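Before any comments, here is the structure.
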Amino acid sequence: MNPIPNPYDPRLRDDLSTNETTLLHFMSDCMHGHDMSLVDRYVAEDYIQHTPGIGQGRAGLRRYLEEVAWKRPGRLVWRPIHLFACGDFVILHKLLPSTVIADFMRFNAQGQMAEHWDVVQPLPEPDYDPMRLSAENLSRFSALFKIS
């Protein structure tokens with residue numbers, strides 16, 4: 001299935017902040033690429049990780065990359081959907097083959113990623129595309145919130 005065109009695709013924007021550019025480059029070339037050197041370049045030594053199960057600092061991030069992220073099936077296939085910056089924070093909404101993720105990154109005064117949170121969910125339906133208009137069907141929400 002071909003993705004629906006995304007007029008908000010961050011890769012098409014010419015107004016990205018330095019922090020937005022940094023996060024997009026890191027995601028493209030390290031998280032969904034092969035360049036481990038970007039951890040030293042873009043991640044603060046005292047990096048704080050809020051994702052359960054991933055260790056702290058650059059060492060925790062490197063271990064996650066080597067033992068999990070770089071072993072995910074289809075890890076090179078991803079689509080940035082939205083990218084927002086506000087003050088020291090950047091939010092990236094992205095689509096992977098089986099997952100939708102919103103990354104929340106705080107940057108320090110040196111322009112390095114200093115703190116990270118995320119929200120991760122499996123695709124809500126087969127062939128999910130966040131740019132496709134939804135059709136009303138409340139059954140997913142009824143099941144999620146255990147409403148009978």
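We name chains A, B, ... following the order of the structure tokens; residues begin at 1 in each chain, and ligands are numbered from 1 as shown.
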What parts of region 24-141 of chain A does DSSP call alpha helix (DSSP H)? I'd like the answer as a PDB file with all heavy atoms, in the first residue's frame.
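What landed in result07.pdb:
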ATOM      1  N   LEU A  24      15.697  14.818  13.908  1.00  0.00           N
ATOM      2  CA  LEU A  24      15.390  14.138  12.646  1.00  0.00           C
ATOM      3  C   LEU A  24      16.627  13.424  12.096  1.00  0.00           C
ATOM      4  O   LEU A  24      16.546  12.278  11.649  1.00  0.00           O
ATOM      5  CB  LEU A  24      14.842  15.149  11.639  1.00  0.00           C
ATOM      6  CG  LEU A  24      14.089  14.593  10.444  1.00  0.00           C
ATOM      7  CD1 LEU A  24      12.911  13.723  10.850  1.00  0.00           C
ATOM      8  CD2 LEU A  24      13.617  15.748   9.568  1.00  0.00           C
ATOM      9  N   HIS A  25      17.782  14.084  12.162  1.00  0.00           N
ATOM     10  CA  HIS A  25      19.030  13.471  11.696  1.00  0.00           C
ATOM     11  C   HIS A  25      19.373  12.246  12.550  1.00  0.00           C
ATOM     12  O   HIS A  25      19.739  11.183  12.022  1.00  0.00           O
ATOM     13  CB  HIS A  25      20.165  14.495  11.739  1.00  0.00           C
ATOM     14  CG  HIS A  25      21.473  13.977  11.250  1.00  0.00           C
ATOM     15  ND1 HIS A  25      22.673  14.411  11.739  1.00  0.00           N
ATOM     16  CD2 HIS A  25      21.779  13.040  10.322  1.00  0.00           C
ATOM     17  CE1 HIS A  25      23.667  13.777  11.136  1.00  0.00           C
ATOM     18  NE2 HIS A  25      23.145  12.936  10.263  1.00  0.00           N
ATOM     19  N   PHE A  26      19.252  12.364  13.869  1.00  0.00           N
ATOM     20  CA  PHE A  26      19.544  11.246  14.760  1.00  0.00           C
ATOM     21  C   PHE A  26      18.632  10.059  14.470  1.00  0.00           C
ATOM     22  O   PHE A  26      19.087   8.914  14.376  1.00  0.00           O
ATOM     23  CB  PHE A  26      19.407  11.687  16.221  1.00  0.00           C
ATOM     24  CG  PHE A  26      19.686  10.576  17.190  1.00  0.00           C
ATOM     25  CD1 PHE A  26      20.986  10.235  17.517  1.00  0.00           C
ATOM     26  CD2 PHE A  26      18.641   9.870  17.777  1.00  0.00           C
ATOM     27  CE1 PHE A  26      21.248   9.196  18.400  1.00  0.00           C
ATOM     28  CE2 PHE A  26      18.899   8.840  18.662  1.00  0.00           C
ATOM     29  CZ  PHE A  26      20.198   8.498  18.971  1.00  0.00           C
ATOM     30  N   SER A  37      28.038   6.805  15.884  1.00  0.00           N
ATOM     31  CA  SER A  37      28.796   7.997  16.291  1.00  0.00           C
ATOM     32  C   SER A  37      27.881   9.161  16.649  1.00  0.00           C
ATOM     33  O   SER A  37      28.284  10.071  17.382  1.00  0.00           O
ATOM     34  CB  SER A  37      29.768   8.421  15.181  1.00  0.00           C
ATOM     35  OG  SER A  37      29.077   9.007  14.088  1.00  0.00           O
ATOM     36  N   LEU A  38      26.636   9.136  16.170  1.00  0.00           N
ATOM     37  CA  LEU A  38      25.710  10.224  16.474  1.00  0.00           C
ATOM     38  C   LEU A  38      25.297  10.232  17.942  1.00  0.00           C
ATOM     39  O   LEU A  38      24.859  11.264  18.460  1.00  0.00           O
ATOM     40  CB  LEU A  38      24.484  10.156  15.568  1.00  0.00           C
ATOM     41  CG  LEU A  38      24.761  10.384  14.082  1.00  0.00           C
ATOM     42  CD1 LEU A  38      23.463  10.322  13.285  1.00  0.00           C
ATOM     43  CD2 LEU A  38      25.496  11.688  13.848  1.00  0.00           C
ATOM     44  N   VAL A  39      25.453   9.115  18.644  1.00  0.00           N
ATOM     45  CA  VAL A  39      25.163   9.091  20.079  1.00  0.00           C
ATOM     46  C   VAL A  39      26.108  10.057  20.790  1.00  0.00           C
ATOM     47  O   VAL A  39      25.674  10.888  21.593  1.00  0.00           O
ATOM     48  CB  VAL A  39      25.265   7.660  20.661  1.00  0.00           C
ATOM     49  CG1 VAL A  39      25.148   7.679  22.180  1.00  0.00           C
ATOM     50  CG2 VAL A  39      24.190   6.763  20.047  1.00  0.00           C
ATOM     51  N   ASP A  40      27.408   9.991  20.483  1.00  0.00           N
ATOM     52  CA  ASP A  40      28.367  10.901  21.113  1.00  0.00           C
ATOM     53  C   ASP A  40      28.163  12.346  20.673  1.00  0.00           C
ATOM     54  O   ASP A  40      28.370  13.272  21.441  1.00  0.00           O
ATOM     55  CB  ASP A  40      29.802  10.479  20.798  1.00  0.00           C
ATOM     56  CG  ASP A  40      30.182   9.199  21.513  1.00  0.00           C
ATOM     57  OD1 ASP A  40      29.666   8.953  22.625  1.00  0.00           O
ATOM     58  OD2 ASP A  40      30.985   8.428  20.958  1.00  0.00           O
ATOM     59  N   ARG A  41      27.737  12.533  19.449  1.00  0.00           N
ATOM     60  CA  ARG A  41      27.564  13.884  18.903  1.00  0.00           C
ATOM     61  C   ARG A  41      26.301  14.573  19.431  1.00  0.00           C
ATOM     62  O   ARG A  41      26.331  15.756  19.772  1.00  0.00           O
ATOM     63  CB  ARG A  41      27.513  13.797  17.383  1.00  0.00           C
ATOM     64  CG  ARG A  41      27.342  15.123  16.688  1.00  0.00           C
ATOM     65  CD  ARG A  41      27.441  14.939  15.193  1.00  0.00           C
ATOM     66  NE  ARG A  41      27.105  16.149  14.483  1.00  0.00           N
ATOM     67  CZ  ARG A  41      26.960  16.211  13.168  1.00  0.00           C
ATOM     68  NH1 ARG A  41      27.151  15.136  12.426  1.00  0.00           N
ATOM     69  NH2 ARG A  41      26.626  17.337  12.592  1.00  0.00           N
ATOM     70  N   TYR A  42      25.198  13.829  19.498  1.00  0.00           N
ATOM     71  CA  TYR A  42      23.902  14.445  19.775  1.00  0.00           C
ATOM     72  C   TYR A  42      23.307  14.146  21.147  1.00  0.00           C
ATOM     73  O   TYR A  42      22.318  14.772  21.528  1.00  0.00           O
ATOM     74  CB  TYR A  42      22.878  14.001  18.723  1.00  0.00           C
ATOM     75  CG  TYR A  42      23.088  14.575  17.343  1.00  0.00           C
ATOM     76  CD1 TYR A  42      22.867  13.795  16.220  1.00  0.00           C
ATOM     77  CD2 TYR A  42      23.476  15.897  17.154  1.00  0.00           C
ATOM     78  CE1 TYR A  42      23.025  14.310  14.943  1.00  0.00           C
ATOM     79  CE2 TYR A  42      23.644  16.417  15.885  1.00  0.00           C
ATOM     80  CZ  TYR A  42      23.415  15.623  14.785  1.00  0.00           C
ATOM     81  OH  TYR A  42      23.566  16.150  13.527  1.00  0.00           O
ATOM     82  N   GLY A  57      21.922   7.352  30.390  1.00  0.00           N
ATOM     83  CA  GLY A  57      23.120   7.853  29.730  1.00  0.00           C
ATOM     84  C   GLY A  57      23.328   7.284  28.338  1.00  0.00           C
ATOM     85  O   GLY A  57      22.503   6.542  27.804  1.00  0.00           O
ATOM     86  N   ARG A  58      24.468   7.678  27.774  1.00  0.00           N
ATOM     87  CA  ARG A  58      24.818   7.199  26.437  1.00  0.00           C
ATOM     88  C   ARG A  58      24.964   5.681  26.418  1.00  0.00           C
ATOM     89  O   ARG A  58      24.586   5.031  25.441  1.00  0.00           O
ATOM     90  CB  ARG A  58      26.124   7.841  25.976  1.00  0.00           C
ATOM     91  CG  ARG A  58      26.015   9.318  25.673  1.00  0.00           C
ATOM     92  CD  ARG A  58      27.377   9.884  25.332  1.00  0.00           C
ATOM     93  NE  ARG A  58      27.290  11.296  25.008  1.00  0.00           N
ATOM     94  CZ  ARG A  58      28.351  12.097  24.952  1.00  0.00           C
ATOM     95  NH1 ARG A  58      29.571  11.626  25.196  1.00  0.00           N
ATOM     96  NH2 ARG A  58      28.187  13.367  24.655  1.00  0.00           N
ATOM     97  N   ALA A  59      25.514   5.121  27.498  1.00  0.00           N
ATOM     98  CA  ALA A  59      25.726   3.668  27.555  1.00  0.00           C
ATOM     99  C   ALA A  59      24.395   2.923  27.478  1.00  0.00           C
ATOM    100  O   ALA A  59      24.279   1.916  26.775  1.00  0.00           O
ATOM    101  CB  ALA A  59      26.488   3.283  28.813  1.00  0.00           C
ATOM    102  N   GLY A  60      23.386   3.394  28.198  1.00  0.00           N
ATOM    103  CA  GLY A  60      22.070   2.753  28.150  1.00  0.00           C
ATOM    104  C   GLY A  60      21.454   2.825  26.765  1.00  0.00           C
ATOM    105  O   GLY A  60      20.851   1.856  26.293  1.00  0.00           O
ATOM    106  N   LEU A  61      21.612   3.978  26.106  1.00  0.00           N
ATOM    107  CA  LEU A  61      21.076   4.143  24.753  1.00  0.00           C
ATOM    108  C   LEU A  61      21.812   3.239  23.769  1.00  0.00           C
ATOM    109  O   LEU A  61      21.191   2.590  22.927  1.00  0.00           O
ATOM    110  CB  LEU A  61      21.153   5.604  24.324  1.00  0.00           C
ATOM    111  CG  LEU A  61      20.591   5.934  22.955  1.00  0.00           C
ATOM    112  CD1 LEU A  61      19.126   5.499  22.824  1.00  0.00           C
ATOM    113  CD2 LEU A  61      20.733   7.428  22.683  1.00  0.00           C
ATOM    114  N   ARG A  62      23.152   3.182  23.873  1.00  0.00           N
ATOM    115  CA  ARG A  62      23.926   2.307  22.985  1.00  0.00           C
ATOM    116  C   ARG A  62      23.502   0.847  23.145  1.00  0.00           C
ATOM    117  O   ARG A  62      23.353   0.126  22.168  1.00  0.00           O
ATOM    118  CB  ARG A  62      25.422   2.434  23.290  1.00  0.00           C
ATOM    119  CG  ARG A  62      26.086   3.599  22.649  1.00  0.00           C
ATOM    120  CD  ARG A  62      27.613   3.468  22.757  1.00  0.00           C
ATOM    121  NE  ARG A  62      28.202   4.755  22.498  1.00  0.00           N
ATOM    122  CZ  ARG A  62      28.525   5.651  23.435  1.00  0.00           C
ATOM    123  NH1 ARG A  62      28.354   5.384  24.707  1.00  0.00           N
ATOM    124  NH2 ARG A  62      29.026   6.812  23.085  1.00  0.00           N
ATOM    125  N   ARG A  63      23.333   0.420  24.388  1.00  0.00           N
ATOM    126  CA  ARG A  63      22.940  -0.977  24.629  1.00  0.00           C
ATOM    127  C   ARG A  63      21.572  -1.255  24.000  1.00  0.00           C
ATOM    128  O   ARG A  63      21.367  -2.288  23.372  1.00  0.00           O
ATOM    129  CB  ARG A  63      22.919  -1.270  26.125  1.00  0.00           C
ATOM    130  CG  ARG A  63      22.636  -2.715  26.412  1.00  0.00           C
ATOM    131  CD  ARG A  63      22.905  -3.080  27.846  1.00  0.00           C
ATOM    132  NE  ARG A  63      22.607  -4.495  28.015  1.00  0.00           N
ATOM    133  CZ  ARG A  63      22.308  -5.045  29.147  1.00  0.00           C
ATOM    134  NH1 ARG A  63      22.309  -4.336  30.253  1.00  0.00           N
ATOM    135  NH2 ARG A  63      22.032  -6.326  29.224  1.00  0.00           N
ATOM    136  N   TYR A  64      20.618  -0.310  24.171  1.00  0.00           N
ATOM    137  CA  TYR A  64      19.299  -0.466  23.551  1.00  0.00           C
ATOM    138  C   TYR A  64      19.422  -0.564  22.025  1.00  0.00           C
ATOM    139  O   TYR A  64      18.796  -1.411  21.396  1.00  0.00           O
ATOM    140  CB  TYR A  64      18.380   0.692  23.948  1.00  0.00           C
ATOM    141  CG  TYR A  64      17.107   0.720  23.149  1.00  0.00           C
ATOM    142  CD1 TYR A  64      16.105  -0.217  23.381  1.00  0.00           C
ATOM    143  CD2 TYR A  64      16.912   1.658  22.143  1.00  0.00           C
ATOM    144  CE1 TYR A  64      14.937  -0.220  22.630  1.00  0.00           C
ATOM    145  CE2 TYR A  64      15.760   1.667  21.390  1.00  0.00           C
ATOM    146  CZ  TYR A  64      14.768   0.730  21.639  1.00  0.00           C
ATOM    147  OH  TYR A  64      13.628   0.720  20.889  1.00  0.00           O
ATOM    148  N   LEU A  65      20.223   0.298  21.426  1.00  0.00           N
ATOM    149  CA  LEU A  65      20.397   0.270  19.974  1.00  0.00           C
ATOM    150  C   LEU A  65      20.948  -1.081  19.518  1.00  0.00           C
ATOM    151  O   LEU A  65      20.416  -1.693  18.588  1.00  0.00           O
ATOM    152  CB  LEU A  65      21.335   1.397  19.523  1.00  0.00           C
ATOM    153  CG  LEU A  65      20.762   2.808  19.575  1.00  0.00           C
ATOM    154  CD1 LEU A  65      21.874   3.838  19.424  1.00  0.00           C
ATOM    155  CD2 LEU A  65      19.696   3.010  18.521  1.00  0.00           C
ATOM    156  N   GLU A  66      22.016  -1.541  20.168  1.00  0.00           N
ATOM    157  CA  GLU A  66      22.684  -2.772  19.749  1.00  0.00           C
ATOM    158  C   GLU A  66      21.865  -4.025  20.031  1.00  0.00           C
ATOM    159  O   GLU A  66      21.871  -4.967  19.246  1.00  0.00           O
ATOM    160  CB  GLU A  66      24.041  -2.883  20.434  1.00  0.00           C
ATOM    161  CG  GLU A  66      25.028  -1.842  19.936  1.00  0.00           C
ATOM    162  CD  GLU A  66      26.315  -1.801  20.742  1.00  0.00           C
ATOM    163  OE1 GLU A  66      26.344  -2.303  21.896  1.00  0.00           O
ATOM    164  OE2 GLU A  66      27.309  -1.268  20.210  1.00  0.00           O
ATOM    165  N   GLU A  67      21.150  -4.059  21.166  1.00  0.00           N
ATOM    166  CA  GLU A  67      20.476  -5.285  21.571  1.00  0.00           C
ATOM    167  C   GLU A  67      18.998  -5.352  21.167  1.00  0.00           C
ATOM    168  O   GLU A  67      18.434  -6.442  21.121  1.00  0.00           O
ATOM    169  CB  GLU A  67      20.613  -5.485  23.080  1.00  0.00           C
ATOM    170  CG  GLU A  67      22.050  -5.726  23.496  1.00  0.00           C
ATOM    171  CD  GLU A  67      22.199  -6.033  24.970  1.00  0.00           C
ATOM    172  OE1 GLU A  67      21.207  -6.442  25.616  1.00  0.00           O
ATOM    173  OE2 GLU A  67      23.325  -5.859  25.478  1.00  0.00           O
ATOM    174  N   SER A 139     -15.687   0.577  18.599  1.00  0.00           N
ATOM    175  CA  SER A 139     -15.414  -0.696  19.266  1.00  0.00           C
ATOM    176  C   SER A 139     -14.000  -0.755  19.841  1.00  0.00           C
ATOM    177  O   SER A 139     -13.793  -1.304  20.924  1.00  0.00           O
ATOM    178  CB  SER A 139     -15.659  -1.868  18.319  1.00  0.00           C
ATOM    179  OG  SER A 139     -14.795  -1.798  17.207  1.00  0.00           O
ATOM    180  N   ARG A 140     -13.013  -0.193  19.159  1.00  0.00           N
ATOM    181  CA  ARG A 140     -11.636  -0.187  19.672  1.00  0.00           C
ATOM    182  C   ARG A 140     -11.558   0.565  20.987  1.00  0.00           C
ATOM    183  O   ARG A 140     -10.910   0.136  21.924  1.00  0.00           O
ATOM    184  CB  ARG A 140     -10.698   0.434  18.634  1.00  0.00           C
ATOM    185  CG  ARG A 140      -9.242   0.498  19.087  1.00  0.00           C
ATOM    186  CD  ARG A 140      -8.336   0.937  17.967  1.00  0.00           C
ATOM    187  NE  ARG A 140      -8.346   2.345  17.718  1.00  0.00           N
ATOM    188  CZ  ARG A 140      -7.478   3.215  18.265  1.00  0.00           C
ATOM    189  NH1 ARG A 140      -6.540   2.803  19.073  1.00  0.00           N
ATOM    190  NH2 ARG A 140      -7.553   4.494  17.978  1.00  0.00           N
ATOM    191  N   PHE A 141     -12.255   1.681  21.079  1.00  0.00           N
ATOM    192  CA  PHE A 141     -12.230   2.479  22.303  1.00  0.00           C
ATOM    193  C   PHE A 141     -13.024   1.820  23.420  1.00  0.00           C
ATOM    194  O   PHE A 141     -12.633   1.859  24.580  1.00  0.00           O
ATOM    195  CB  PHE A 141     -12.744   3.896  22.029  1.00  0.00           C
ATOM    196  CG  PHE A 141     -11.888   4.618  21.046  1.00  0.00           C
ATOM    197  CD1 PHE A 141     -12.274   4.741  19.727  1.00  0.00           C
ATOM    198  CD2 PHE A 141     -10.655   5.137  21.421  1.00  0.00           C
ATOM    199  CE1 PHE A 141     -11.473   5.388  18.798  1.00  0.00           C
ATOM    200  CE2 PHE A 141      -9.840   5.784  20.517  1.00  0.00           C
ATOM    201  CZ  PHE A 141     -10.248   5.907  19.203  1.00  0.00           C
TER     202      PHE A 141
END
Which of chain A fall in strand (DSSP E or B), as an NGL selection string: :A and (43-49 or 79-86 or 89-95 or 99-107 or 113-122)
How would the residues just chosen look if you wrote them out with C-alpha atoms as a PDB file, in the first residue's frame?
ATOM      1  CA  VAL A  43      23.269  12.788  23.159  1.00  0.00           C
ATOM      2  CA  ALA A  44      24.324  14.426  26.429  1.00  0.00           C
ATOM      3  CA  GLU A  45      26.638  12.369  28.664  1.00  0.00           C
ATOM      4  CA  ASP A  46      24.090  12.600  31.480  1.00  0.00           C
ATOM      5  CA  TYR A  47      21.159  11.704  29.200  1.00  0.00           C
ATOM      6  CA  ILE A  48      18.014  10.868  31.194  1.00  0.00           C
ATOM      7  CA  GLN A  49      15.829   8.059  29.859  1.00  0.00           C
ATOM      8  CA  ARG A  79       7.995   7.680   8.326  1.00  0.00           C
ATOM      9  CA  PRO A  80       8.126  10.929  10.263  1.00  0.00           C
ATOM     10  CA  ILE A  81       4.562  12.258  10.466  1.00  0.00           C
ATOM     11  CA  HIS A  82       4.809  15.418  12.593  1.00  0.00           C
ATOM     12  CA  LEU A  83       7.670  17.311  14.231  1.00  0.00           C
ATOM     13  CA  PHE A  84       7.074  20.085  16.766  1.00  0.00           C
ATOM     14  CA  ALA A  85       9.424  22.267  18.794  1.00  0.00           C
ATOM     15  CA  CYS A  86       8.574  24.390  21.806  1.00  0.00           C
ATOM     16  CA  PHE A  89      11.393  20.306  23.733  1.00  0.00           C
ATOM     17  CA  VAL A  90      10.902  18.551  20.407  1.00  0.00           C
ATOM     18  CA  ILE A  91       8.111  16.039  19.722  1.00  0.00           C
ATOM     19  CA  LEU A  92       8.384  13.568  16.850  1.00  0.00           C
ATOM     20  CA  HIS A  93       5.363  11.500  15.789  1.00  0.00           C
ATOM     21  CA  LYS A  94       6.523   8.604  13.606  1.00  0.00           C
ATOM     22  CA  LEU A  95       5.201   5.485  11.932  1.00  0.00           C
ATOM     23  CA  THR A  99       4.197   0.576  15.671  1.00  0.00           C
ATOM     24  CA  VAL A 100       3.291   4.237  16.081  1.00  0.00           C
ATOM     25  CA  ILE A 101       5.606   6.247  18.345  1.00  0.00           C
ATOM     26  CA  ALA A 102       5.593   9.763  19.762  1.00  0.00           C
ATOM     27  CA  ASP A 103       9.053  10.731  21.051  1.00  0.00           C
ATOM     28  CA  PHE A 104       9.361  13.656  23.452  1.00  0.00           C
ATOM     29  CA  MET A 105      12.912  14.992  23.681  1.00  0.00           C
ATOM     30  CA  ARG A 106      14.322  17.744  25.894  1.00  0.00           C
ATOM     31  CA  PHE A 107      17.486  19.431  24.651  1.00  0.00           C
ATOM     32  CA  MET A 113      19.376  15.478  23.588  1.00  0.00           C
ATOM     33  CA  ALA A 114      19.216  15.486  27.383  1.00  0.00           C
ATOM     34  CA  GLU A 115      15.976  13.729  28.338  1.00  0.00           C
ATOM     35  CA  HIS A 116      13.520  11.394  26.597  1.00  0.00           C
ATOM     36  CA  TRP A 117       9.941  10.131  27.045  1.00  0.00           C
ATOM     37  CA  ASP A 118       7.819   8.232  24.553  1.00  0.00           C
ATOM     38  CA  VAL A 119       4.395   6.795  23.865  1.00  0.00           C
ATOM     39  CA  VAL A 120       4.448   3.552  21.864  1.00  0.00           C
ATOM     40  CA  GLN A 121       1.440   1.688  20.500  1.00  0.00           C
ATOM     41  CA  PRO A 122       0.922  -1.154  18.068  1.00  0.00           C
TER      42      PRO A 122
END
Point-to-point distance from CA of Ala143 (chain A) to CA of Pro52 (chain A), Å rounded to tenths: 24.7 Å
Residue nearest His32 (chain A) - candidates A:Pro97, A:Lys146, A:Asp127, A:Ala69, atoms counted: only C-alpha atoms: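 Among A:Pro97, A:Lys146, A:Asp127, A:Ala69, it is A:Ala69 that comes nearest to His32 (chain A).
If you look at CA of Arg72 (chain A) and CA of Met27 (chain A), they are 14.4 Å away from each other.
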Coordinates-based distance that separates CA of Ile4 (chain A) from CA of Met131 (chain A) (Å, one decimal):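 Atom-to-atom, CA of Met131 (chain A) and CA of Ile4 (chain A) are spaced 6.0 Å apart.
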Which residue of A:Pro130, A:Gly111, A:Pro124, A:Pro3 approaches Thr22 (chain A) most closely, using only C-alpha atoms: A:Gly111
